[in-house]
Amino acid sequence: MTGLRHLALRVAGVIAATLLAGVAGAQTNGAPKPDAAILAKGEYLARAGDCIACHTAPEGRTFAGGRPMPTPFGTLFTSNITPDPETGIGRWTADQFYQMMHTGRSPDGGLLYPAMPFGSYTKVTRADSDAIYAFLMSVPAIRQPNRPHDLKFPYNNRQLILGWRTLFFREGEFKPDPSQSAEWNRGAYLVEGLGHCGMCHTPINALGGNTESQAFQGGLIPMQNWYAPSLTSNREAGVGDWTIEEISDLLRTGVSKRGAVYGPMAEVTYNSLQYLTAEDTRAMAVYLKSLGQETPPPAVSSVPGSESSLLLSLGKTVYDQHCAACHGAQGQGKPPHYPPLADNQSIQMSSAVNAIRMVLNGGYPPGTAGNPRPYGMPPFAQTLSDNEVAAVVTYIRTSWGNRGAAVAAAEANQLRSAPLD
Amino acid sequence: MAERVLACAPCHGAQGEGTRDPYFPRLAGKPSGYLYNQLIAFRNGRRRYPPMNYLLAFLPPEYLKEMADYFASLNPPLPPPSVPAVAEDALNAGRTLVTQGDATRSIPACTSCHGPNLTGMEPGIPGLLGLRPNYISAQLGAWRYGTRTALSPDCMQVVAGHLTEADVTAIAAWLSSRPAPAERRSVPQGTYALPFACGSQPQ
């Protein structure tokens with residue numbers, strides 16, 4: 001559930017409803033049954049948009065909603081989007097569905113919370129929206145009333161969504177860039193649109209200014225404590241110097257020669273990206289590679305030099321004893337199953353949060369069609385002290401040519417209480 | 001497979017034998033179906049222990065089945081029995097409850113499901129030996145308070161619901177003081193009939 005919480009937090013900063021009435025929607029529901037190809041396309045696109053993961057509760061019925069999305073402002077519960085006429089979207093027309101995807105307004109004109117990623121889905125074409133609609137209308141209808149959101153005052157007021165929309169919502173379908181290849185454009189369409197990657201990967205201070213946004217500063221998410229790296233910086237998640245194949249492998253299988261996904265990103269691969277065709281993940285890779293350009297100056301450490309050399313020697317001892325068996329004496333790993341740590345930009349980012357959490361909590365990359373039996377990393381929260389965690393993370397961030405900064409024991413200590421769900 | 005489950009070793013031991021931490025259970029030799037049910041319950045958040053919920057969150061059922069089969073196939077020695085930390089009469093009360101139950105309080109004998117030698121039955125009923133008293137108490141407590149649930153009908157919830165705090169302490173002390181029987185394997189499915197239905201144990 002990590003990913004969901006993350007998303008909800010990214011968007012909860014601002015929130016709620018308009019009085020603008022009556023959106024489109026004259027078309028009725030009695031259209032002839034769509035053919036199998038459209039349904040298959042709709043199902044595929046729904047995967048690309050990861051609708052099922054948000055709109056299905058754990059052990060709940062598919063698309064019947066009710067999944068909690070915790071935020072610092074309270075808990076949102078996702079909606080029933082099965083074709084049940086009373087409690088689902090069975091009475092919606094294809095026009096109304098497109099209006100919702102495109103504008104973030106429900107048929108009665110009400111504004112949706114941006115935890116429903118219409119900020120990205122607005123880029124989806126009418127044809128693709130219609131295919132998703134046709135698919136959703138074909139799934140079993142389930143009668144399950146929506147659970148009311150449990151938001152604290154004043155966030156329970158949908159009027160607040162207007163503020164968010166003014167700042168961050170840009171309505172409009174994807175416009176291909178004629179100077180780029182068809183493949184690049186396909187990738188851009190998926191990443192910016194259905195993939196809603198920007199909900200996590202857009203620099204967090206984009207929320208700028210108000211008090212809530214302060215909580216997001218530096219990319220560290222309150223309650224969640226994962227760092228969502230920038231996709232445009234090669235010192236973060238930017239993949240400018242990866243091969244297309246490496247990027248595509250990472251997205252589709254969860255592992256690659258360069259690194260593995262974990263935390264909220266593992267959920268994205270598990271629920272969505274693994275179901276995409278090789279052509280589509282390749283197109284996304286082409287687009288992502290073109291983004292990874294900017295290379296900001298190396299991070300500066302707050303840990304004094306004398307302390308960090310002590311940390312380093314302890315770090316090497318811990319590393320050789322606990323990590324080298326999997327990640328290699330020189331941090332070379334055994335890719336793709338044990339990711340390399342040498343020359344792995346995701347552990348050198350100025351935020352050390354993700355590396356510290358990996359050491360404390362361990363993890364398995366997601367089990368995917370391309371990598372159904374992943375190898376895992378043990379959690380070290382029990383075995384290593386704060387000092388040892390800080391030392392080993394400092395060691396891997398600064399050895400073998402890595403140019404990350406040292407971390408302090410206090411940082412490791414703080415992250416021990418980071419939530420795991 | 002051993003290498004694929006290295007992530008489990010710090011808490012459950014390299015052979016699934018358990019570790020010194022009394023709350024970290026032995027996995028080895030428990031029926032595969034039982035282990036699988038637990039892995040699915042952790043994965044779906046129905047049974048809670050955040051470090052495990054986290055590890056399993058994005059692993060597919062087929063792979064969890066393989067992990068369950070693997071730990072079920074191992075058979076490292078049981079740890080030495082615990083020295084009971086309760087008085088003699090509590091220990092006796094524990095034995096009586098486990099082997100005979102208490103009909104006046106609707107408590108069935110634990111052995112009626114977990115087997116005469118407490119080694120469990122394939123595919124869904126675990127053995128109760130080789131567990132530490134703290135772990136046993138914690139699990140029975142979790143059922144009483146509803147934080148652990150099994151597939152419906154959840155017979156253990158019914159059983160645990162009839163137990164008092166003192167019963168739990170007595171049972172945990174007696175069970176954990178038992179030496180290992182010669183044959184530690186669970187008996188095959190259908191060896192004996194259960195007193196009432198359990199969702200985890202297809203009849």
# chains A, B, ... in the order shown; residues from 1 in each chain; ligands from 1

call {"tool": "interface_residues", "arguments": {"of": "chain A", "to": "chain B", "cutoff": "9 Å", "atoms": "only C-alpha atoms", "output": "ChimeraX atom specification"}}
result
/A:1-2,58-59,263,266-267,270-271,361-368,372-380,382-383,419-421

call {"tool": "residues_around", "arguments": {"residues": "Ala142 of chain B", "least_positions_apart": "3", "cutoff": "12 Å", "atoms": "only C-alpha atoms", "output": "JSON list (two decimals) with C-alpha atoms, in the first residue's frame"}}
result
[["chain", "number", "residue", "atom", "x", "y", "z"],
["B", 46, "ARG", "CA", -5.30, -9.63, 7.28],
["B", 47, "ARG", "CA", -2.56, -10.77, 9.65],
["B", 48, "ARG", "CA", -0.42, -7.88, 10.85],
["B", 49, "TYR", "CA", 3.29, -7.63, 11.45],
["B", 135, "TYR", "CA", 4.55, -16.44, 20.88],
["B", 136, "ILE", "CA", 1.73, -18.83, 21.75],
["B", 137, "SER", "CA", 0.18, -16.33, 24.19],
["B", 138, "ALA", "CA", 0.51, -13.53, 21.68],
["B", 139, "GLN", "CA", -1.27, -15.52, 18.96],
["B", 145, "TYR", "CA", -8.92, -9.44, 20.23],
["B", 146, "GLY", "CA", -9.61, -10.03, 16.56],
["B", 147, "THR", "CA", -6.24, -8.83, 15.26],
["B", 148, "ARG", "CA", -5.46, -12.26, 13.80],
["B", 149, "THR", "CA", -8.12, -13.94, 11.71],
["B", 150, "ALA", "CA", -8.06, -17.09, 9.60],
["B", 156, "MET", "CA", -9.50, -20.72, 16.27],
["B", 157, "GLN", "CA", -11.38, -17.51, 16.98],
["B", 160, "ALA", "CA", -9.66, -18.61, 21.73],
["B", 161, "GLY", "CA", -12.86, -16.75, 22.57],
["B", 168, "VAL", "CA", -3.70, -18.88, 27.87]]

call {"tool": "select_by_dssp", "arguments": {"residues": "segment 16-141 of chain B", "states": "alpha helix (DSSP H)", "output": "JSON list (two decimals) with N, CA and C atoms, in the first residue's frame"}}
result
[["chain", "number", "residue", "atom", "x", "y", "z"],
["B", 32, "SER", "N", 2.52, -27.15, 4.61],
["B", 32, "SER", "CA", 2.67, -26.12, 3.58],
["B", 32, "SER", "C", 1.41, -25.29, 3.42],
["B", 33, "GLY", "N", 0.25, -25.93, 3.46],
["B", 33, "GLY", "CA", -1.01, -25.20, 3.29],
["B", 33, "GLY", "C", -1.19, -24.16, 4.39],
["B", 34, "TYR", "N", -0.79, -24.53, 5.60],
["B", 34, "TYR", "CA", -0.88, -23.58, 6.71],
["B", 34, "TYR", "C", 0.03, -22.39, 6.46],
["B", 35, "LEU", "N", 1.29, -22.68, 6.12],
["B", 35, "LEU", "CA", 2.25, -21.59, 5.89],
["B", 35, "LEU", "C", 1.76, -20.68, 4.76],
["B", 36, "TYR", "N", 1.25, -21.29, 3.71],
["B", 36, "TYR", "CA", 0.75, -20.51, 2.58],
["B", 36, "TYR", "C", -0.40, -19.59, 3.03],
["B", 37, "ASN", "N", -1.34, -20.14, 3.79],
["B", 37, "ASN", "CA", -2.44, -19.29, 4.27],
["B", 37, "ASN", "C", -1.92, -18.09, 5.06],
["B", 38, "GLN", "N", -0.87, -18.31, 5.84],
["B", 38, "GLN", "CA", -0.32, -17.20, 6.63],
["B", 38, "GLN", "C", 0.34, -16.17, 5.72],
["B", 39, "LEU", "N", 1.09, -16.65, 4.72],
["B", 39, "LEU", "CA", 1.78, -15.72, 3.82],
["B", 39, "LEU", "C", 0.76, -14.86, 3.08],
["B", 40, "ILE", "N", -0.32, -15.47, 2.62],
["B", 40, "ILE", "CA", -1.36, -14.70, 1.94],
["B", 40, "ILE", "C", -1.99, -13.71, 2.92],
["B", 41, "ALA", "N", -2.23, -14.16, 4.15],
["B", 41, "ALA", "CA", -2.85, -13.26, 5.14],
["B", 41, "ALA", "C", -1.94, -12.06, 5.42],
["B", 42, "PHE", "N", -0.63, -12.29, 5.52],
["B", 42, "PHE", "CA", 0.29, -11.17, 5.73],
["B", 42, "PHE", "C", 0.31, -10.27, 4.50],
["B", 43, "ARG", "N", 0.39, -10.88, 3.33],
["B", 43, "ARG", "CA", 0.47, -10.10, 2.10],
["B", 43, "ARG", "C", -0.75, -9.19, 1.95],
["B", 50, "PRO", "N", 4.07, -5.47, 10.58],
["B", 50, "PRO", "CA", 4.47, -4.60, 9.47],
["B", 50, "PRO", "C", 5.74, -5.02, 8.72],
["B", 51, "PRO", "N", 6.82, -5.44, 9.40],
["B", 51, "PRO", "CA", 8.00, -5.82, 8.59],
["B", 51, "PRO", "C", 7.69, -6.97, 7.63],
["B", 52, "MET", "N", 6.82, -7.89, 8.01],
["B", 52, "MET", "CA", 6.48, -8.98, 7.10],
["B", 52, "MET", "C", 5.46, -8.56, 6.06],
["B", 53, "ASN", "N", 4.49, -7.74, 6.47],
["B", 53, "ASN", "CA", 3.52, -7.24, 5.49],
["B", 53, "ASN", "C", 4.27, -6.53, 4.36],
["B", 54, "TYR", "N", 5.28, -5.78, 4.77],
["B", 54, "TYR", "CA", 6.05, -5.01, 3.81],
["B", 54, "TYR", "C", 6.83, -5.91, 2.85],
["B", 55, "LEU", "N", 7.51, -6.92, 3.40],
["B", 55, "LEU", "CA", 8.34, -7.79, 2.56],
["B", 55, "LEU", "C", 7.52, -8.53, 1.51],
["B", 56, "LEU", "N", 6.32, -8.93, 1.88],
["B", 56, "LEU", "CA", 5.55, -9.81, 1.01],
["B", 56, "LEU", "C", 4.61, -9.06, 0.08],
["B", 61, "PRO", "N", 1.19, -15.01, -5.57],
["B", 61, "PRO", "CA", 0.80, -16.20, -4.80],
["B", 61, "PRO", "C", 1.61, -17.44, -5.15],
["B", 62, "GLU", "N", 1.93, -17.64, -6.43],
["B", 62, "GLU", "CA", 2.65, -18.87, -6.82],
["B", 62, "GLU", "C", 4.01, -18.91, -6.13],
["B", 63, "TYR", "N", 4.61, -17.74, -6.00],
["B", 63, "TYR", "CA", 5.93, -17.68, -5.38],
["B", 63, "TYR", "C", 5.82, -17.91, -3.86],
["B", 64, "LEU", "N", 4.77, -17.36, -3.28],
["B", 64, "LEU", "CA", 4.55, -17.58, -1.84],
["B", 64, "LEU", "C", 4.30, -19.08, -1.58],
["B", 65, "LYS", "N", 3.63, -19.73, -2.51],
["B", 65, "LYS", "CA", 3.40, -21.17, -2.38],
["B", 65, "LYS", "C", 4.74, -21.91, -2.37],
["B", 66, "GLU", "N", 5.64, -21.48, -3.24],
["B", 66, "GLU", "CA", 6.96, -22.12, -3.29],
["B", 66, "GLU", "C", 7.70, -21.92, -1.97],
["B", 67, "MET", "N", 7.59, -20.72, -1.42],
["B", 67, "MET", "CA", 8.25, -20.47, -0.13],
["B", 67, "MET", "C", 7.65, -21.36, 0.95],
["B", 68, "ALA", "N", 6.33, -21.49, 0.94],
["B", 68, "ALA", "CA", 5.66, -22.33, 1.94],
["B", 68, "ALA", "C", 6.11, -23.78, 1.79],
["B", 69, "ASP", "N", 6.14, -24.28, 0.55],
["B", 69, "ASP", "CA", 6.59, -25.66, 0.32],
["B", 69, "ASP", "C", 8.01, -25.85, 0.83],
["B", 70, "TYR", "N", 8.82, -24.84, 0.58],
["B", 70, "TYR", "CA", 10.22, -24.96, 0.97],
["B", 70, "TYR", "C", 10.35, -25.08, 2.49],
["B", 71, "PHE", "N", 9.73, -24.19, 3.23],
["B", 71, "PHE", "CA", 9.87, -24.25, 4.69],
["B", 71, "PHE", "C", 9.18, -25.50, 5.26],
["B", 72, "ALA", "N", 8.10, -25.93, 4.61],
["B", 72, "ALA", "CA", 7.42, -27.15, 5.08],
["B", 72, "ALA", "C", 8.32, -28.37, 4.92],
["B", 73, "SER", "N", 9.20, -28.33, 3.94],
["B", 73, "SER", "CA", 10.04, -29.50, 3.65],
["B", 73, "SER", "C", 11.25, -29.60, 4.58],
["B", 88, "GLU", "N", 3.28, -25.46, 39.34],
["B", 88, "GLU", "CA", 2.91, -26.83, 38.97],
["B", 88, "GLU", "C", 1.41, -26.96, 38.62],
["B", 89, "ASP", "N", 0.55, -26.34, 39.44],
["B", 89, "ASP", "CA", -0.88, -26.55, 39.17],
["B", 89, "ASP", "C", -1.31, -25.84, 37.87],
["B", 90, "ALA", "N", -0.67, -24.73, 37.55],
["B", 90, "ALA", "CA", -0.99, -24.08, 36.28],
["B", 90, "ALA", "C", -0.56, -24.98, 35.12],
["B", 91, "LEU", "N", 0.58, -25.58, 35.28],
["B", 91, "LEU", "CA", 1.08, -26.48, 34.24],
["B", 91, "LEU", "C", 0.10, -27.64, 34.02],
["B", 92, "ASN", "N", -0.40, -28.18, 35.12],
["B", 92, "ASN", "CA", -1.38, -29.26, 35.03],
["B", 92, "ASN", "C", -2.66, -28.79, 34.35],
["B", 93, "ALA", "N", -3.09, -27.58, 34.72],
["B", 93, "ALA", "CA", -4.29, -27.04, 34.10],
["B", 93, "ALA", "C", -4.07, -26.90, 32.58],
["B", 94, "GLY", "N", -2.87, -26.47, 32.22],
["B", 94, "GLY", "CA", -2.53, -26.34, 30.79],
["B", 94, "GLY", "C", -2.63, -27.68, 30.09],
["B", 95, "ARG", "N", -2.05, -28.70, 30.71],
["B", 95, "ARG", "CA", -2.10, -30.03, 30.09],
["B", 95, "ARG", "C", -3.53, -30.50, 29.91],
["B", 96, "THR", "N", -4.35, -30.31, 30.95],
["B", 96, "THR", "CA", -5.74, -30.76, 30.87],
["B", 96, "THR", "C", -6.47, -30.05, 29.73],
["B", 97, "LEU", "N", -6.30, -28.76, 29.63],
["B", 97, "LEU", "CA", -6.98, -28.02, 28.56],
["B", 97, "LEU", "C", -6.53, -28.51, 27.19],
["B", 98, "VAL", "N", -5.24, -28.71, 27.03],
["B", 98, "VAL", "CA", -4.74, -29.11, 25.71],
["B", 98, "VAL", "C", -5.22, -30.51, 25.35],
["B", 99, "THR", "N", -5.14, -31.42, 26.30],
["B", 99, "THR", "CA", -5.43, -32.81, 25.94],
["B", 99, "THR", "C", -6.89, -33.20, 26.12],
["B", 100, "GLN", "N", -7.62, -32.48, 27.00],
["B", 100, "GLN", "CA", -9.02, -32.85, 27.23],
["B", 100, "GLN", "C", -10.01, -31.72, 27.02],
["B", 111, "THR", "N", -5.89, -31.03, 21.15],
["B", 111, "THR", "CA", -5.44, -32.20, 20.41],
["B", 111, "THR", "C", -6.49, -32.70, 19.42],
["B", 112, "SER", "N", -7.77, -32.33, 19.62],
["B", 112, "SER", "CA", -8.80, -32.82, 18.71],
["B", 112, "SER", "C", -8.60, -32.26, 17.31],
["B", 113, "CYS", "N", -7.92, -31.13, 17.20],
["B", 113, "CYS", "CA", -7.60, -30.58, 15.87],
["B", 113, "CYS", "C", -6.10, -30.66, 15.59],
["B", 114, "HIS", "N", -5.31, -30.31, 16.60],
["B", 114, "HIS", "CA", -3.86, -30.23, 16.36],
["B", 114, "HIS", "C", -3.19, -31.59, 16.45],
["B", 133, "PRO", "N", 6.58, -19.80, 24.69],
["B", 133, "PRO", "CA", 5.34, -19.41, 25.37],
["B", 133, "PRO", "C", 4.86, -18.01, 24.98],
["B", 134, "ASN", "N", 5.79, -17.06, 24.83],
["B", 134, "ASN", "CA", 5.37, -15.69, 24.49],
["B", 134, "ASN", "C", 4.64, -15.66, 23.16],
["B", 135, "TYR", "N", 5.17, -16.43, 22.21],
["B", 135, "TYR", "CA", 4.55, -16.44, 20.88],
["B", 135, "TYR", "C", 3.15, -17.05, 20.95],
["B", 136, "ILE", "N", 3.03, -18.17, 21.66],
["B", 136, "ILE", "CA", 1.73, -18.83, 21.75],
["B", 136, "ILE", "C", 0.71, -17.89, 22.41],
["B", 137, "SER", "N", 1.10, -17.27, 23.52],
["B", 137, "SER", "CA", 0.18, -16.33, 24.19],
["B", 137, "SER", "C", -0.20, -15.20, 23.26],
["B", 138, "ALA", "N", 0.80, -14.67, 22.55],
["B", 138, "ALA", "CA", 0.51, -13.53, 21.68],
["B", 138, "ALA", "C", -0.50, -13.91, 20.60],
["B", 139, "GLN", "N", -0.36, -15.12, 20.04],
["B", 139, "GLN", "CA", -1.27, -15.52, 18.96],
["B", 139, "GLN", "C", -2.68, -15.76, 19.49],
["B", 140, "LEU", "N", -2.78, -16.43, 20.63],
["B", 140, "LEU", "CA", -4.11, -16.68, 21.18],
["B", 140, "LEU", "C", -4.76, -15.35, 21.55],
["B", 141, "GLY", "N", -3.95, -14.44, 22.09],
["B", 141, "GLY", "CA", -4.45, -13.10, 22.41],
["B", 141, "GLY", "C", -4.93, -12.39, 21.15]]

call {"tool": "closest_atom_pairs", "arguments": {"of": "segment 64-155 of chain B", "to": "segment 173-182 of chain B", "cutoff": "7 Å", "atoms": "only C-alpha atoms", "output": "tab-separated table"}}
result
residue	atom	partner	partner_atom	distance
B:Leu78	CA	B:Ala180	CA	6.5
B:Pro81	CA	B:Ser177	CA	4.7
B:Ser82	CA	B:Ser177	CA	4.9
B:Val83	CA	B:Ser177	CA	6.1
B:Pro84	CA	B:Ala173	CA	5.5
B:Ala85	CA	B:Ala173	CA	6.9
B:Val86	CA	B:Ala173	CA	6.9
B:Leu91	CA	B:Trp174	CA	5.4
B:Gly94	CA	B:Trp174	CA	5.4
B:Arg95	CA	B:Trp174	CA	6.0
B:Leu129	CA	B:Ser176	CA	6.5
B:Gly130	CA	B:Ser176	CA	6.7
B:Leu131	CA	B:Ser176	CA	6.0
B:Arg132	CA	B:Ser176	CA	5.6
B:Pro133	CA	B:Ala173	CA	5.6

call {"tool": "residues_around", "arguments": {"residues": "Lys41 of chain A", "least_positions_apart": "3", "cutoff": "8 Å", "atoms": "only C-alpha atoms", "output": "PyMOL selection string"}}
result
chain A and resi 37-38+44-45+131-132

call {"tool": "write_last_selection", "arguments": {"atoms": "N, CA and C atoms", "output": "PDB file, in the first residue's frame"}}
result
ATOM      1  N   ALA A  37     -12.130  -6.408 -29.301  1.00  0.00           N
ATOM      2  CA  ALA A  37     -10.864  -5.686 -29.434  1.00  0.00           C
ATOM      3  C   ALA A  37     -10.873  -4.408 -28.588  1.00  0.00           C
ATOM      4  N   ILE A  38     -12.016  -3.714 -28.603  1.00  0.00           N
ATOM      5  CA  ILE A  38     -12.127  -2.482 -27.798  1.00  0.00           C
ATOM      6  C   ILE A  38     -12.022  -2.818 -26.310  1.00  0.00           C
ATOM      7  N   TYR A  44      -6.338  -3.106 -21.169  1.00  0.00           N
ATOM      8  CA  TYR A  44      -4.905  -2.805 -21.213  1.00  0.00           C
ATOM      9  C   TYR A  44      -4.637  -1.371 -20.727  1.00  0.00           C
ATOM     10  N   LEU A  45      -5.437  -0.443 -21.214  1.00  0.00           N
ATOM     11  CA  LEU A  45      -5.233   0.958 -20.825  1.00  0.00           C
ATOM     12  C   LEU A  45      -5.541   1.170 -19.346  1.00  0.00           C
ATOM     13  N   ALA A 131     -12.435   3.543 -24.685  1.00  0.00           N
ATOM     14  CA  ALA A 131     -12.097   2.116 -24.539  1.00  0.00           C
ATOM     15  C   ALA A 131     -12.113   1.722 -23.062  1.00  0.00           C
ATOM     16  N   ILE A 132     -11.551   2.579 -22.205  1.00  0.00           N
ATOM     17  CA  ILE A 132     -11.556   2.281 -20.769  1.00  0.00           C
ATOM     18  C   ILE A 132     -12.999   2.223 -20.256  1.00  0.00           C
TER      19      ILE A 132
END

call {"tool": "residues_around", "arguments": {"residues": "Gln15 of chain B", "least_positions_apart": "4", "cutoff": "9 Å", "atoms": "only C-alpha atoms", "output": "PyMOL selection string"}}
result
chain B and resi 2+9+27-28+71+74-76

call {"tool": "atom_distance", "arguments": {"atom1": "atom CA of Thr164 of chain B", "atom2": "atom CA of Ala87 of chain B"}}
result
17.1 Å

call {"tool": "atom_distance", "arguments": {"atom1": "atom CA of Met121 of chain B", "atom2": "atom CA of Pro153 of chain B"}}
result
17.5 Å

call {"tool": "select_by_dssp", "arguments": {"residues": "segment 59-305 of chain A", "states": "strand (DSSP E or B)", "output": "ChimeraX atom specification"}}
result
/A:65,68-71,74-77,105,111,150-151,220,227,233,255,260,294

call {"tool": "residues_around", "arguments": {"residues": "Arg282 of chain A", "least_positions_apart": "6", "cutoff": "12 Å", "atoms": "only C-alpha atoms", "output": "VMD selection string"}}
result
chain A and resid 182 to 188 190 to 191 243 to 252 273 276 288 to 289

call {"tool": "write_last_selection", "arguments": {"atoms": "N, CA and C atoms", "output": "PDB file, in the first residue's frame"}}
result
ATOM      1  N   ALA A 182       7.802   8.903 -33.296  1.00  0.00           N
ATOM      2  CA  ALA A 182       6.510   8.366 -32.853  1.00  0.00           C
ATOM      3  C   ALA A 182       6.693   7.608 -31.546  1.00  0.00           C
ATOM      4  N   GLU A 183       7.809   6.917 -31.424  1.00  0.00           N
ATOM      5  CA  GLU A 183       8.068   6.137 -30.215  1.00  0.00           C
ATOM      6  C   GLU A 183       8.192   7.075 -29.003  1.00  0.00           C
ATOM      7  N   TRP A 184       8.943   8.136 -29.158  1.00  0.00           N
ATOM      8  CA  TRP A 184       9.110   9.121 -28.070  1.00  0.00           C
ATOM      9  C   TRP A 184       7.748   9.678 -27.662  1.00  0.00           C
ATOM     10  N   ASN A 185       6.932   9.998 -28.656  1.00  0.00           N
ATOM     11  CA  ASN A 185       5.620  10.561 -28.353  1.00  0.00           C
ATOM     12  C   ASN A 185       4.724   9.559 -27.633  1.00  0.00           C
ATOM     13  N   ARG A 186       4.800   8.299 -28.042  1.00  0.00           N
ATOM     14  CA  ARG A 186       4.021   7.266 -27.356  1.00  0.00           C
ATOM     15  C   ARG A 186       4.466   7.177 -25.886  1.00  0.00           C
ATOM     16  N   GLY A 187       5.781   7.194 -25.688  1.00  0.00           N
ATOM     17  CA  GLY A 187       6.313   7.129 -24.327  1.00  0.00           C
ATOM     18  C   GLY A 187       5.866   8.326 -23.497  1.00  0.00           C
ATOM     19  N   ALA A 188       5.955   9.504 -24.105  1.00  0.00           N
ATOM     20  CA  ALA A 188       5.566  10.716 -23.389  1.00  0.00           C
ATOM     21  C   ALA A 188       4.082  10.652 -23.021  1.00  0.00           C
ATOM     22  N   LEU A 190       2.248   8.026 -22.475  1.00  0.00           N
ATOM     23  CA  LEU A 190       2.001   7.086 -21.376  1.00  0.00           C
ATOM     24  C   LEU A 190       2.529   7.618 -20.046  1.00  0.00           C
ATOM     25  N   VAL A 191       3.726   8.185 -20.056  1.00  0.00           N
ATOM     26  CA  VAL A 191       4.338   8.654 -18.808  1.00  0.00           C
ATOM     27  C   VAL A 191       3.568   9.850 -18.244  1.00  0.00           C
ATOM     28  N   THR A 243      21.009   2.382 -20.723  1.00  0.00           N
ATOM     29  CA  THR A 243      20.570   1.990 -22.061  1.00  0.00           C
ATOM     30  C   THR A 243      19.051   1.857 -22.045  1.00  0.00           C
ATOM     31  N   ILE A 244      18.471   1.918 -23.246  1.00  0.00           N
ATOM     32  CA  ILE A 244      17.017   1.781 -23.370  1.00  0.00           C
ATOM     33  C   ILE A 244      16.570   0.445 -22.769  1.00  0.00           C
ATOM     34  N   GLU A 245      17.361  -0.588 -23.028  1.00  0.00           N
ATOM     35  CA  GLU A 245      17.004  -1.909 -22.542  1.00  0.00           C
ATOM     36  C   GLU A 245      16.995  -1.948 -21.005  1.00  0.00           C
ATOM     37  N   GLU A 246      18.000  -1.333 -20.394  1.00  0.00           N
ATOM     38  CA  GLU A 246      18.057  -1.318 -18.929  1.00  0.00           C
ATOM     39  C   GLU A 246      16.841  -0.612 -18.331  1.00  0.00           C
ATOM     40  N   ILE A 247      16.458   0.502 -18.944  1.00  0.00           N
ATOM     41  CA  ILE A 247      15.308   1.250 -18.412  1.00  0.00           C
ATOM     42  C   ILE A 247      14.031   0.430 -18.582  1.00  0.00           C
ATOM     43  N   SER A 248      13.894  -0.134 -19.772  1.00  0.00           N
ATOM     44  CA  SER A 248      12.700  -0.907 -20.060  1.00  0.00           C
ATOM     45  C   SER A 248      12.601  -2.130 -19.135  1.00  0.00           C
ATOM     46  N   ASP A 249      13.722  -2.811 -18.910  1.00  0.00           N
ATOM     47  CA  ASP A 249      13.739  -3.944 -17.970  1.00  0.00           C
ATOM     48  C   ASP A 249      13.295  -3.502 -16.580  1.00  0.00           C
ATOM     49  N   LEU A 250      13.836  -2.382 -16.131  1.00  0.00           N
ATOM     50  CA  LEU A 250      13.511  -1.903 -14.787  1.00  0.00           C
ATOM     51  C   LEU A 250      12.008  -1.688 -14.655  1.00  0.00           C
ATOM     52  N   LEU A 251      11.420  -1.008 -15.652  1.00  0.00           N
ATOM     53  CA  LEU A 251      10.005  -0.679 -15.558  1.00  0.00           C
ATOM     54  C   LEU A 251       9.147  -1.931 -15.597  1.00  0.00           C
ATOM     55  N   ARG A 252       9.497  -2.849 -16.478  1.00  0.00           N
ATOM     56  CA  ARG A 252       8.626  -3.978 -16.755  1.00  0.00           C
ATOM     57  C   ARG A 252       8.828  -5.144 -15.807  1.00  0.00           C
ATOM     58  N   LEU A 273       2.998  -1.562 -14.566  1.00  0.00           N
ATOM     59  CA  LEU A 273       3.971  -1.607 -15.664  1.00  0.00           C
ATOM     60  C   LEU A 273       4.269  -3.012 -16.175  1.00  0.00           C
ATOM     61  N   LEU A 276       2.377  -4.047 -19.295  1.00  0.00           N
ATOM     62  CA  LEU A 276       2.509  -3.326 -20.562  1.00  0.00           C
ATOM     63  C   LEU A 276       3.324  -4.145 -21.562  1.00  0.00           C
ATOM     64  N   LEU A 288      11.899   8.649 -21.203  1.00  0.00           N
ATOM     65  CA  LEU A 288      12.550   8.917 -19.912  1.00  0.00           C
ATOM     66  C   LEU A 288      14.031   9.238 -20.109  1.00  0.00           C
ATOM     67  N   LYS A 289      14.670   8.503 -20.995  1.00  0.00           N
ATOM     68  CA  LYS A 289      16.094   8.734 -21.228  1.00  0.00           C
ATOM     69  C   LYS A 289      16.325  10.166 -21.710  1.00  0.00           C
TER      70      LYS A 289
END

call {"tool": "residues_around", "arguments": {"residues": "Phe24 of chain B", "least_positions_apart": "4", "cutoff": "7 Å", "atoms": "only C-alpha atoms", "output": "MDAnalysis selection string"}}
result
chainID B and resid 11:12 18:19

call {"tool": "atom_distance", "arguments": {"atom1": "atom CA of Pro107 of chain A", "atom2": "atom CA of Gly88 of chain A"}}
result
12.7 Å

call {"tool": "residues_around", "arguments": {"residues": "Cys326 of chain A", "least_positions_apart": "6", "cutoff": "9 Å", "atoms": "only C-alpha atoms", "output": "list in words"}}
result
Gly333, Lys334, Tyr338, Pro339 and Met377 of chain A

call {"tool": "closest_residue", "arguments": {"among": "A:Asn225, A:Thr232, A:Ser79, A:Ser272", "to": "Met358 of chain A", "atoms": "only C-alpha atoms"}}
result
A:Asn225
